[in-house]
>>> print(open('run.cif').read())   # mmCIF, C-alpha atoms
data_target
#
loop_
_atom_site.label_atom_id
_atom_site.label_comp_id
_atom_site.auth_asym_id
_atom_site.auth_seq_id
_atom_site.Cartn_x
_atom_site.Cartn_y
_atom_site.Cartn_z
CA MET M 789 -21.42 -41.65 -17.51
CA SER M 790 -22.89 -42.17 -14.03
CA ALA M 791 -25.90 -40.78 -12.23
CA THR M 792 -27.63 -41.47 -8.94
CA ILE M 793 -31.41 -41.51 -8.51
CA THR M 794 -32.62 -41.01 -4.94
CA ILE M 795 -35.99 -42.48 -4.00
CA GLU M 796 -37.95 -41.98 -0.79
CA THR M 797 -40.41 -44.83 -0.50
CA SER M 798 -43.52 -44.33 1.63
CA ASP M 799 -44.88 -47.88 2.00
CA HIS M 800 -43.59 -51.24 3.15
CA THR M 801 -43.77 -52.63 -0.38
CA GLN M 802 -44.05 -50.25 -3.29
CA GLY M 803 -43.31 -49.94 -6.99
CA VAL M 804 -41.88 -46.62 -8.17
CA ASP M 805 -41.79 -45.86 -11.90
CA ILE M 806 -38.32 -44.38 -12.54
CA THR M 807 -38.42 -44.47 -16.36
CA ARG M 808 -38.29 -40.69 -16.74
CA GLN M 809 -35.32 -40.30 -14.37
CA VAL M 810 -33.39 -43.04 -16.20
CA GLN M 811 -34.10 -41.43 -19.59
CA GLU M 812 -32.90 -38.09 -18.17
CA ALA M 813 -29.70 -39.73 -16.91
CA VAL M 814 -29.07 -41.13 -20.40
CA GLU M 815 -29.54 -37.64 -21.86
CA ALA M 816 -27.29 -36.04 -19.23
CA ALA M 817 -24.58 -38.58 -20.15
CA CYS M 818 -24.98 -37.58 -23.83
CA LEU M 819 -25.18 -41.28 -24.63
CA SER M 820 -26.25 -41.86 -28.20
CA ASP M 821 -25.57 -45.56 -28.72
CA GLY M 822 -24.89 -48.12 -26.01
CA VAL M 823 -26.38 -49.84 -22.99
CA CYS M 824 -27.79 -48.30 -19.82
CA VAL M 825 -27.44 -50.28 -16.57
CA VAL M 826 -29.82 -49.46 -13.71
CA TYR M 827 -28.37 -50.82 -10.45
CA VAL M 828 -29.93 -51.02 -6.98
CA THR M 829 -27.38 -50.74 -4.16
CA HIS M 830 -29.69 -52.34 -1.56
CA THR M 831 -30.39 -55.93 -0.51
CA THR M 832 -34.11 -55.59 0.29
CA ALA M 833 -35.20 -53.90 -2.94
CA ALA M 834 -34.95 -54.68 -6.65
CA VAL M 835 -35.50 -53.25 -10.12
CA ALA M 836 -37.60 -54.66 -12.97
CA VAL M 837 -38.94 -53.76 -16.39
CA ASN M 838 -42.67 -54.33 -16.86
CA GLU M 839 -45.98 -52.71 -17.79
CA ALA M 840 -46.26 -49.03 -16.92
CA ALA M 841 -49.71 -48.39 -18.44
CA ASP M 842 -51.99 -50.12 -15.90
CA PRO M 843 -50.80 -49.80 -12.25
CA ALA M 844 -52.77 -52.97 -11.45
CA VAL M 845 -50.04 -55.01 -13.15
CA MET M 846 -47.31 -54.08 -10.65
CA GLU M 847 -49.88 -54.46 -7.86
CA ASP M 848 -50.40 -58.05 -9.03
CA VAL M 849 -46.63 -58.61 -9.20
CA PHE M 850 -46.16 -57.46 -5.58
CA ALA M 851 -49.14 -59.54 -4.37
CA ALA M 852 -47.83 -62.67 -6.13
CA LEU M 853 -44.39 -62.16 -4.54
CA ASP M 854 -46.09 -61.88 -1.12
CA ARG M 855 -47.84 -65.21 -1.71
CA LEU M 856 -44.61 -66.90 -2.89
CA VAL M 857 -42.46 -65.45 -0.11
CA PRO M 858 -44.57 -64.77 3.01
CA TRP M 859 -43.27 -62.16 5.44
CA ASP M 860 -43.59 -64.56 8.40
CA GLY M 861 -41.75 -67.57 7.06
CA PRO M 862 -39.48 -69.77 9.13
CA TYR M 863 -36.39 -67.57 8.68
CA ALA M 864 -32.93 -67.69 10.29
CA HIS M 865 -31.98 -64.01 9.78
CA LYS M 866 -32.82 -62.20 13.04
CA GLU M 867 -33.74 -58.82 11.55
CA GLY M 868 -37.10 -60.20 10.45
CA ASN M 869 -36.90 -59.00 6.84
CA SER M 870 -35.69 -62.16 5.11
CA ALA M 871 -38.71 -62.12 2.78
CA ALA M 872 -37.44 -58.81 1.37
CA HIS M 873 -33.96 -60.26 0.75
CA ILE M 874 -35.43 -63.32 -0.99
CA LYS M 875 -37.67 -61.22 -3.27
CA SER M 876 -34.63 -59.08 -4.09
CA VAL M 877 -32.73 -62.17 -5.29
CA LEU M 878 -35.74 -63.43 -7.30
CA VAL M 879 -36.31 -60.13 -9.11
CA GLY M 880 -32.69 -58.98 -9.34
CA SER M 881 -30.50 -55.99 -8.58
CA SER M 882 -30.18 -54.57 -12.10
CA VAL M 883 -31.89 -54.05 -15.46
CA HIS M 884 -30.30 -53.15 -18.78
CA LEU M 885 -31.73 -51.10 -21.58
CA PRO M 886 -30.36 -50.81 -25.07
CA VAL M 887 -29.97 -47.17 -26.08
CA TYR M 888 -30.16 -46.00 -29.67
CA ASP M 889 -30.08 -42.40 -30.87
CA GLY M 890 -30.19 -41.21 -27.26
CA ARG M 891 -33.43 -43.07 -26.38
CA LEU M 892 -34.02 -46.07 -24.14
CA GLN M 893 -35.29 -48.83 -26.44
CA LEU M 894 -38.28 -49.72 -24.27
CA GLY M 895 -41.23 -51.60 -25.74
CA THR M 896 -44.61 -49.85 -26.03
CA TRP M 897 -45.88 -50.94 -22.60
CA GLN M 898 -42.58 -51.11 -20.73
CA GLY M 899 -41.46 -48.95 -17.83
CA ILE M 900 -38.63 -49.29 -15.30
CA PHE M 901 -39.75 -49.94 -11.73
CA PHE M 902 -37.84 -49.63 -8.50
CA MET M 903 -39.33 -52.31 -6.24
CA GLU M 904 -39.31 -51.61 -2.49
CA PHE M 905 -39.70 -54.72 -0.32
CA ASP M 906 -38.88 -53.31 3.14
CA GLY M 907 -39.78 -49.62 3.28
CA PRO M 908 -40.33 -46.93 3.88
CA ARG M 909 -36.68 -46.07 3.30
CA ARG M 910 -34.41 -43.68 1.47
CA ARG M 911 -33.00 -45.61 -1.52
CA ARG M 912 -30.26 -45.08 -4.07
CA VAL M 913 -30.22 -46.34 -7.66
CA LEU M 914 -27.15 -46.01 -9.90
CA VAL M 915 -27.50 -45.42 -13.63
CA LYS M 916 -24.38 -46.33 -15.55
CA THR M 917 -23.96 -46.17 -19.30
CA VAL M 918 -21.44 -47.91 -21.52
CA THR M 919 -21.18 -46.66 -25.02
CA ASN M 920 -20.16 -47.47 -28.56
CA ASP M 921 -20.20 -43.81 -29.55
CA TRP M 922 -16.54 -43.46 -30.55
CA GLU M 923 -16.78 -45.99 -33.33
CA MET P 91 -24.10 -52.87 -33.14
CA SER P 92 -27.84 -53.62 -33.00
CA ALA P 93 -30.04 -56.32 -34.47
CA THR P 94 -33.66 -57.35 -34.11
CA ILE P 95 -34.85 -60.94 -33.94
CA THR P 96 -38.51 -61.49 -34.80
CA ILE P 97 -40.25 -64.50 -33.30
CA GLU P 98 -43.72 -65.84 -34.10
CA THR P 99 -44.81 -67.98 -31.18
CA SER P 100 -47.45 -70.65 -31.79
CA ASP P 101 -48.48 -71.65 -28.26
CA HIS P 102 -49.72 -69.90 -25.13
CA THR P 103 -46.48 -70.68 -23.30
CA GLN P 104 -43.43 -71.69 -25.29
CA GLY P 105 -39.66 -71.69 -25.17
CA VAL P 106 -37.84 -70.76 -28.39
CA ASP P 107 -34.10 -71.44 -28.67
CA ILE P 108 -32.62 -68.28 -30.24
CA THR P 109 -28.94 -69.11 -29.65
CA ARG P 110 -28.11 -69.33 -33.38
CA GLN P 111 -29.79 -65.99 -34.19
CA VAL P 112 -27.93 -64.26 -31.35
CA GLN P 113 -24.59 -65.72 -32.48
CA GLU P 114 -25.35 -64.52 -36.04
CA ALA P 115 -26.12 -61.02 -34.74
CA VAL P 116 -22.75 -60.96 -32.94
CA GLU P 117 -21.04 -61.95 -36.19
CA ALA P 118 -22.98 -59.37 -38.21
CA ALA P 119 -21.83 -56.70 -35.72
CA CYS P 120 -18.21 -57.87 -36.23
CA LEU P 121 -17.90 -57.96 -32.45
CA SER P 122 -14.70 -59.65 -31.39
CA ASP P 123 -14.46 -58.82 -27.70
CA GLY P 124 -17.26 -57.44 -25.53
CA VAL P 125 -20.68 -58.18 -24.11
CA CYS P 126 -23.88 -59.08 -25.96
CA VAL P 127 -27.19 -57.97 -24.43
CA VAL P 128 -30.37 -59.81 -25.48
CA TYR P 129 -33.39 -57.68 -24.60
CA VAL P 130 -37.10 -58.53 -24.76
CA THR P 131 -39.32 -55.51 -25.53
CA HIS P 132 -42.49 -57.15 -24.14
CA THR P 133 -44.06 -57.37 -20.69
CA THR P 134 -45.55 -60.88 -20.93
CA ALA P 135 -42.43 -62.68 -22.15
CA ALA P 136 -38.85 -63.11 -20.93
CA VAL P 137 -35.42 -64.41 -21.89
CA ALA P 138 -33.22 -66.91 -20.02
CA VAL P 139 -30.06 -68.94 -20.43
CA ASN P 140 -30.40 -72.64 -19.61
CA GLU P 141 -29.96 -76.16 -20.94
CA ALA P 142 -30.48 -76.54 -24.68
CA ALA P 143 -29.60 -80.27 -24.96
CA ASP P 144 -32.73 -81.89 -23.45
CA PRO P 145 -35.99 -80.04 -24.27
CA ALA P 146 -37.53 -81.59 -21.12
CA VAL P 147 -35.56 -79.08 -19.03
CA MET P 148 -37.34 -76.01 -20.40
CA GLU P 149 -40.62 -77.97 -20.25
CA ASP P 150 -39.98 -78.42 -16.52
CA VAL P 151 -39.13 -74.73 -16.12
CA PHE P 152 -42.42 -73.67 -17.75
CA ALA P 153 -44.44 -76.19 -15.68
CA ALA P 154 -42.81 -75.01 -12.43
CA LEU P 155 -43.61 -71.38 -13.31
CA ASP P 156 -47.24 -72.41 -13.92
CA ARG P 157 -47.39 -73.99 -10.46
CA LEU P 158 -45.80 -70.93 -8.80
CA VAL P 159 -47.92 -68.40 -10.69
CA PRO P 160 -51.29 -69.94 -11.66
CA TRP P 161 -53.09 -68.37 -14.61
CA ASP P 162 -56.31 -67.95 -12.60
CA GLY P 163 -54.98 -66.16 -9.54
CA PRO P 164 -56.81 -63.39 -7.71
CA TYR P 165 -55.50 -60.62 -10.00
CA ALA P 166 -56.39 -56.91 -10.25
CA HIS P 167 -55.30 -56.36 -13.89
CA LYS P 168 -58.43 -56.70 -16.05
CA GLU P 169 -56.78 -58.13 -19.16
CA GLY P 170 -56.54 -61.53 -17.49
CA ASN P 171 -52.85 -62.11 -18.24
CA SER P 172 -51.27 -61.02 -14.94
CA ALA P 173 -49.61 -64.42 -14.55
CA ALA P 174 -47.61 -63.70 -17.71
CA HIS P 175 -46.48 -60.30 -16.38
CA ILE P 176 -45.43 -61.85 -13.05
CA LYS P 177 -43.42 -64.62 -14.74
CA SER P 178 -41.77 -61.98 -16.92
CA VAL P 179 -40.57 -60.12 -13.79
CA LEU P 180 -39.36 -63.35 -12.14
CA VAL P 181 -37.33 -64.50 -15.16
CA GLY P 182 -36.26 -61.09 -16.46
CA SER P 183 -36.22 -59.01 -19.62
CA SER P 184 -32.57 -59.48 -20.60
CA VAL P 185 -29.60 -61.83 -20.60
CA HIS P 186 -25.93 -60.97 -21.16
CA LEU P 187 -23.27 -63.07 -22.78
CA PRO P 188 -19.56 -62.42 -22.68
CA VAL P 189 -18.09 -62.50 -26.20
CA TYR P 190 -14.51 -63.44 -26.91
CA ASP P 191 -12.92 -63.86 -30.31
CA GLY P 192 -16.32 -63.36 -31.95
CA ARG P 193 -18.02 -66.23 -30.05
CA LEU P 194 -20.67 -66.16 -27.32
CA GLN P 195 -18.98 -67.65 -24.23
CA LEU P 196 -21.80 -70.10 -23.48
CA GLY P 197 -21.16 -73.13 -21.29
CA THR P 198 -21.35 -76.61 -22.82
CA TRP P 199 -25.07 -77.11 -22.11
CA GLN P 200 -26.26 -73.53 -22.34
CA GLY P 201 -28.61 -72.04 -24.89
CA ILE P 202 -30.55 -68.76 -25.00
CA PHE P 203 -34.32 -69.12 -24.76
CA PHE P 204 -37.06 -66.66 -25.56
CA MET P 205 -39.85 -67.48 -23.11
CA GLU P 206 -43.41 -66.80 -24.28
CA PHE P 207 -45.96 -66.54 -21.45
CA ASP P 208 -49.01 -65.17 -23.31
CA GLY P 209 -48.91 -66.29 -26.93
CA PRO P 210 -49.31 -66.91 -29.66
CA ARG P 211 -47.92 -63.50 -30.61
CA ARG P 212 -45.40 -61.82 -32.87
CA ARG P 213 -42.43 -60.88 -30.68
CA ARG P 214 -39.34 -58.72 -31.01
CA VAL P 215 -35.98 -59.27 -29.31
CA LEU P 216 -33.16 -56.73 -29.51
CA VAL P 217 -29.52 -57.83 -29.62
CA LYS P 218 -27.14 -55.06 -28.62
CA THR P 219 -23.39 -55.38 -28.33
CA VAL P 220 -20.91 -53.22 -26.45
CA THR P 221 -17.34 -53.73 -27.28
CA ASN P 222 -13.76 -53.34 -26.09
CA ASP P 223 -12.41 -53.83 -29.59
CA TRP P 224 -10.70 -50.47 -30.00
CA GLU P 225 -8.30 -51.02 -27.15
CA MET I 1420 -10.68 -57.69 -19.97
CA SER I 1421 -11.66 -61.27 -19.07
CA ALA I 1422 -10.97 -63.49 -16.08
CA THR I 1423 -12.16 -66.89 -14.93
CA ILE I 1424 -12.95 -67.75 -11.32
CA THR I 1425 -12.90 -71.45 -10.49
CA ILE I 1426 -15.05 -72.66 -7.61
CA GLU I 1427 -15.10 -76.11 -6.01
CA THR I 1428 -18.41 -76.47 -4.20
CA SER I 1429 -18.63 -78.95 -1.33
CA ASP I 1430 -22.39 -79.21 -0.73
CA HIS I 1431 -25.48 -79.96 -2.78
CA THR I 1432 -26.71 -76.39 -2.41
CA GLN I 1433 -24.29 -73.70 -1.32
CA GLY I 1434 -23.65 -69.98 -1.53
CA VAL I 1435 -20.06 -68.89 -2.14
CA ASP I 1436 -19.12 -65.24 -1.61
CA ILE I 1437 -16.95 -64.32 -4.63
CA THR I 1438 -16.87 -60.54 -4.07
CA ARG I 1439 -13.12 -60.43 -3.42
CA GLN I 1440 -12.28 -62.48 -6.54
CA VAL I 1441 -14.48 -60.25 -8.72
CA GLN I 1442 -12.88 -57.09 -7.31
CA GLU I 1443 -9.43 -58.59 -8.00
CA ALA I 1444 -10.46 -59.36 -11.60
CA VAL I 1445 -11.53 -55.73 -12.05
CA GLU I 1446 -8.14 -54.60 -10.74
CA ALA I 1447 -6.27 -57.07 -12.96
CA ALA I 1448 -8.16 -55.67 -15.97
CA CYS I 1449 -7.09 -52.14 -14.94
CA LEU I 1450 -10.72 -51.10 -15.32
CA SER I 1451 -11.30 -47.63 -13.95
CA ASP I 1452 -14.75 -46.76 -15.25
CA GLY I 1453 -17.27 -49.19 -16.73
CA VAL I 1454 -19.40 -52.22 -16.00
CA CYS I 1455 -18.35 -55.63 -14.73
CA VAL I 1456 -20.36 -58.67 -15.85
CA VAL I 1457 -20.18 -61.84 -13.73
CA TYR I 1458 -21.38 -64.78 -15.81
CA VAL I 1459 -22.07 -68.40 -14.76
CA THR I 1460 -21.42 -70.92 -17.55
CA HIS I 1461 -23.59 -73.64 -15.92
CA THR I 1462 -27.29 -74.50 -16.07
CA THR I 1463 -27.74 -75.74 -12.48
CA ALA I 1464 -26.13 -72.78 -10.68
CA ALA I 1465 -26.66 -69.02 -10.61
CA VAL I 1466 -25.19 -65.75 -9.37
CA ALA I 1467 -26.85 -63.06 -7.25
CA VAL I 1468 -26.06 -59.89 -5.34
CA ASN I 1469 -27.34 -59.79 -1.76
CA GLU I 1470 -26.37 -59.37 1.89
CA ALA I 1471 -22.86 -60.54 2.76
CA ALA I 1472 -22.84 -59.46 6.44
CA ASP I 1473 -25.11 -62.11 8.01
CA PRO I 1474 -24.75 -65.59 6.45
CA ALA I 1475 -28.29 -66.38 7.67
CA VAL I 1476 -29.66 -64.25 4.82
CA MET I 1477 -28.32 -66.48 2.03
CA GLU I 1478 -29.35 -69.52 4.13
CA ASP I 1479 -32.91 -68.15 4.08
CA VAL I 1480 -32.70 -67.52 0.32
CA PHE I 1481 -31.66 -71.13 -0.36
CA ALA I 1482 -34.35 -72.52 1.99
CA ALA I 1483 -37.05 -70.38 0.33
CA LEU I 1484 -35.96 -71.61 -3.12
CA ASP I 1485 -36.21 -75.21 -1.84
CA ARG I 1486 -39.78 -74.57 -0.70
CA LEU I 1487 -40.73 -72.93 -4.01
CA VAL I 1488 -39.02 -75.56 -6.19
CA PRO I 1489 -38.93 -78.93 -4.38
CA TRP I 1490 -36.23 -81.37 -5.47
CA ASP I 1491 -38.79 -84.17 -5.98
CA GLY I 1492 -41.32 -82.41 -8.18
CA PRO I 1493 -43.14 -84.05 -11.06
CA TYR I 1494 -40.34 -83.42 -13.60
CA ALA I 1495 -39.87 -84.61 -17.20
CA HIS I 1496 -36.03 -84.27 -17.34
CA LYS I 1497 -34.59 -87.72 -16.60
CA GLU I 1498 -31.39 -86.60 -14.87
CA GLY I 1499 -33.35 -85.79 -11.73
CA ASN I 1500 -31.95 -82.29 -11.23
CA SER I 1501 -34.72 -80.19 -12.80
CA ALA I 1502 -35.16 -78.24 -9.57
CA ALA I 1503 -31.59 -76.94 -9.98
CA HIS I 1504 -32.29 -75.83 -13.57
CA ILE I 1505 -35.50 -74.05 -12.51
CA LYS I 1506 -33.77 -72.21 -9.64
CA SER I 1507 -31.02 -71.20 -12.08
CA VAL I 1508 -33.62 -69.57 -14.37
CA LEU I 1509 -35.35 -67.83 -11.44
CA VAL I 1510 -32.13 -66.34 -10.02
CA GLY I 1511 -30.28 -65.79 -13.29
CA SER I 1512 -26.96 -66.50 -14.95
CA SER I 1513 -25.33 -63.09 -14.56
CA VAL I 1514 -25.01 -60.01 -12.37
CA HIS I 1515 -23.63 -56.59 -13.34
CA LEU I 1516 -21.76 -54.13 -11.20
CA PRO I 1517 -21.04 -50.53 -12.05
CA VAL I 1518 -17.35 -49.77 -11.60
CA TYR I 1519 -16.04 -46.32 -10.76
CA ASP I 1520 -12.45 -45.38 -9.99
CA GLY I 1521 -11.49 -49.07 -10.10
CA ARG I 1522 -13.99 -50.15 -7.42
CA LEU I 1523 -17.17 -52.22 -7.70
CA GLN I 1524 -20.00 -49.88 -6.70
CA LEU I 1525 -21.58 -52.30 -4.23
CA GLY I 1526 -23.92 -51.03 -1.52
CA THR I 1527 -22.87 -51.27 2.14
CA TRP I 1528 -24.36 -54.73 2.73
CA GLN I 1529 -23.97 -56.19 -0.74
CA GLY I 1530 -21.77 -59.09 -1.78
CA ILE I 1531 -21.69 -61.26 -4.91
CA PHE I 1532 -22.71 -64.88 -4.40
CA PHE I 1533 -22.19 -67.88 -6.60
CA MET I 1534 -25.22 -70.09 -5.95
CA GLU I 1535 -24.72 -73.85 -6.30
CA PHE I 1536 -27.96 -75.83 -6.78
CA ASP I 1537 -26.58 -79.26 -7.75
CA GLY I 1538 -23.16 -79.79 -6.18
CA PRO I 1539 -20.66 -80.63 -5.22
CA ARG I 1540 -19.07 -79.72 -8.55
CA ARG I 1541 -16.18 -77.82 -10.07
CA ARG I 1542 -17.64 -74.57 -11.42
CA ARG I 1543 -16.45 -71.75 -13.67
CA VAL I 1544 -17.51 -68.11 -13.51
CA LEU I 1545 -16.46 -65.57 -16.15
CA VAL I 1546 -15.76 -61.96 -15.23
CA LYS I 1547 -15.94 -59.63 -18.21
CA THR I 1548 -15.52 -55.88 -18.11
CA VAL I 1549 -16.61 -53.26 -20.62
CA THR I 1550 -15.17 -49.85 -20.18
CA ASN I 1551 -15.57 -46.17 -20.89
CA ASP I 1552 -11.95 -45.48 -20.04
CA TRP I 1553 -10.83 -44.10 -23.40
CA GLU I 1554 -13.20 -41.17 -23.30
#
>>> encode(input="run.cif", output="structure tokens")
Amino acid sequence: MSATITIETSDHTQGVDITRQVQEAVEAACLSDGVCVVYVTHTTAAVAVNEAADPAVMEDVFAALDRLVPWDGPYAHKEGNSAAHIKSVLVGSSVHLPVYDGRLQLGTWQGIFFMEFDGPRRRRVLVKTVTNDWE
Amino acid sequence: MSATITIETSDHTQGVDITRQVQEAVEAACLSDGVCVVYVTHTTAAVAVNEAADPAVMEDVFAALDRLVPWDGPYAHKEGNSAAHIKSVLVGSSVHLPVYDGRLQLGTWQGIFFMEFDGPRRRRVLVKTVTNDWE
Amino acid sequence: MSATITIETSDHTQGVDITRQVQEAVEAACLSDGVCVVYVTHTTAAVAVNEAADPAVMEDVFAALDRLVPWDGPYAHKEGNSAAHIKSVLVGSSVHLPVYDGRLQLGTWQGIFFMEFDGPRRRRVLVKTVTNDWE
């Protein structure tokens, strides 16, 4: 009931649509009915559900986060990437999708996005399912 | 173990207290012990847990979000509602309530709020429960 | 499959690393495989996963939240702590950790932080596990 998605980001900030990989993990787990948790194991990245149809939407989300949390703020952390940590807390380290009949119950326009805030890096996302199937 | 709550919002931005409907869905699912996931299937709305006693609190939350993410930003998405997508990512598409003895384990002041950022619209919220009841 | 962590905060805003207590709750529940939900029952506090190695990171997160949501905003709520409610909505009332072989699947740098936004207060965090162990 566990899978790992590996992502190689290529830019400093970047949204990666991982909807297909998460759906495949749900199928590999033979989950029919339950909840799928998508968990980011990093502190300078996040995961969110939002519009997958027009890429301009996630572009706008990243640009707004840059305006809210500028890279060159007055930060105490010496590694220089505090903005990435702060965005990670604001967006969150996990999303949760109801699963019914083996399918993620996403809305029409929804996709699942890995959000890189301090790339490029090799990243790891865990997909964990909990199920009601034995009822 | 699934229910759908339908919400008709009447304003452009609006908080709707759905605590009672979620509690009823938990009862309808006969869930005694487990976790209840409340999931928004839209990309310009969100769901949050916060104070249900004084309506001024959610008013302040919406006003603060408007200041952080102005409607007329410099946005790439042509539909003109990028601010709603950005707020949706900041607040999140799901909340999770521990359930014990058939009751949502909310704190004294907590309620569950559907948050409309681009209404008025007809909206759909999924309530999914996962249970430990067969232990 | 439930535990309560009690926290006495000493400052007005404060991050408290509760990773060890959550891991102990998972062990007490004898959870081998599943998901652990950490839930804050308050409306002026939150919980987040982020870097536990350098305390400057959480310091930067709290300072950034103060800049985004000033304590003395133009708020409607008469109790004067609207900023704490708004930060609570932005960060969120729960985090979720995959559990495998009895261990929280945290990344190398990750810890779980209770985030106090209106202390000092006595606070209560629920740890709830849902499991796949009977498969």
>>> residues_around(input="run.cif", residues="Thr96 of chain P", least_positions_apart="4", cutoff="7 Å", atoms="only C-alpha atoms", output="PyMOL selection string")
chain P and resi 213-215
>>> write_last_selection(input="run.cif", atoms="C-alpha atoms", output="mmCIF file, keeping the file's coordinate frame")
data_model
loop_
_atom_site.group_PDB
_atom_site.id
_atom_site.type_symbol
_atom_site.label_atom_id
_atom_site.label_comp_id
_atom_site.auth_asym_id
_atom_site.auth_seq_id
_atom_site.Cartn_x
_atom_site.Cartn_y
_atom_site.Cartn_z
ATOM 1 C CA ARG P 213 -42.430 -60.880 -30.680
ATOM 2 C CA ARG P 214 -39.340 -58.720 -31.010
ATOM 3 C CA VAL P 215 -35.980 -59.270 -29.310
#
>>> interface_residues(input="run.cif", of="chain M", to="chain I", cutoff="6 Å", atoms="only C-alpha atoms", output="MDAnalysis selection string")
chainID M and resid 829:831 863:865 874 878
>>> resolve_selection(input="run.cif", expression="the PyMOL selection byres ((chain I and resi 1546) around 8)", output="compact mmCIF listing (two decimals) with C-alpha atoms, keeping the file's coordinate frame")
# COMPACT_ATOMS: atom_id res chain seq x y z
CA SER I 1421 -11.66 -61.27 -19.07
CA ALA I 1422 -10.97 -63.49 -16.08
CA THR I 1423 -12.16 -66.89 -14.93
CA ILE I 1424 -12.95 -67.75 -11.32
CA VAL I 1441 -14.48 -60.25 -8.72
CA ALA I 1444 -10.46 -59.36 -11.60
CA CYS I 1455 -18.35 -55.63 -14.73
CA VAL I 1456 -20.36 -58.67 -15.85
CA VAL I 1457 -20.18 -61.84 -13.73
CA TYR I 1458 -21.38 -64.78 -15.81
CA VAL I 1544 -17.51 -68.11 -13.51
CA LEU I 1545 -16.46 -65.57 -16.15
CA LYS I 1547 -15.94 -59.63 -18.21
CA THR I 1548 -15.52 -55.88 -18.11
>>> atom_distance(input="run.cif", atom1="atom CA of Asp889 of chain M", atom2="atom CA of Ile806 of chain M")
20.2 Å
>>> atom_distance(input="run.cif", atom1="atom CA of Phe901 of chain M", atom2="atom CA of Ser881 of chain M")
11.5 Å
>>> atom_distance(input="run.cif", atom1="atom CA of Gly1492 of chain I", atom2="atom CA of Asp1537 of chain I")
15.1 Å
>>> build_atoms(input="run.cif", residues="segment 841-845 of chain M", atoms="all heavy atoms", output="tab-separated table (two decimals), in the coordinates of the input")
chain	number	residue	atom	x	y	z
M	841	ALA	N	-48.43	-49.00	-18.06
M	841	ALA	CA	-49.71	-48.39	-18.44
M	841	ALA	C	-50.76	-48.58	-17.35
M	841	ALA	O	-51.39	-47.62	-16.90
M	841	ALA	CB	-50.20	-48.97	-19.77
M	842	ASP	N	-50.98	-49.82	-16.91
M	842	ASP	CA	-51.99	-50.12	-15.90
M	842	ASP	C	-51.30	-50.44	-14.56
M	842	ASP	O	-50.65	-51.47	-14.44
M	842	ASP	CB	-52.84	-51.32	-16.34
M	842	ASP	CG	-53.88	-51.69	-15.29
M	842	ASP	OD1	-54.00	-50.98	-14.27
M	842	ASP	OD2	-54.57	-52.70	-15.49
M	843	PRO	N	-51.46	-49.58	-13.55
M	843	PRO	CA	-50.80	-49.80	-12.25
M	843	PRO	C	-51.21	-51.13	-11.60
M	843	PRO	O	-50.49	-51.63	-10.73
M	843	PRO	CB	-51.26	-48.62	-11.40
M	843	PRO	CG	-51.88	-47.63	-12.32
M	843	PRO	CD	-52.26	-48.34	-13.58
M	844	ALA	N	-52.33	-51.70	-12.03
M	844	ALA	CA	-52.77	-52.97	-11.45
M	844	ALA	C	-51.77	-54.08	-11.73
M	844	ALA	O	-51.69	-55.05	-10.98
M	844	ALA	CB	-54.15	-53.34	-12.01
M	845	VAL	N	-51.01	-53.95	-12.82
M	845	VAL	CA	-50.04	-55.01	-13.15
M	845	VAL	C	-48.98	-55.12	-12.05
M	845	VAL	O	-48.72	-56.20	-11.52
M	845	VAL	CB	-49.38	-54.76	-14.53
M	845	VAL	CG1	-48.22	-55.72	-14.75
M	845	VAL	CG2	-50.41	-54.91	-15.64
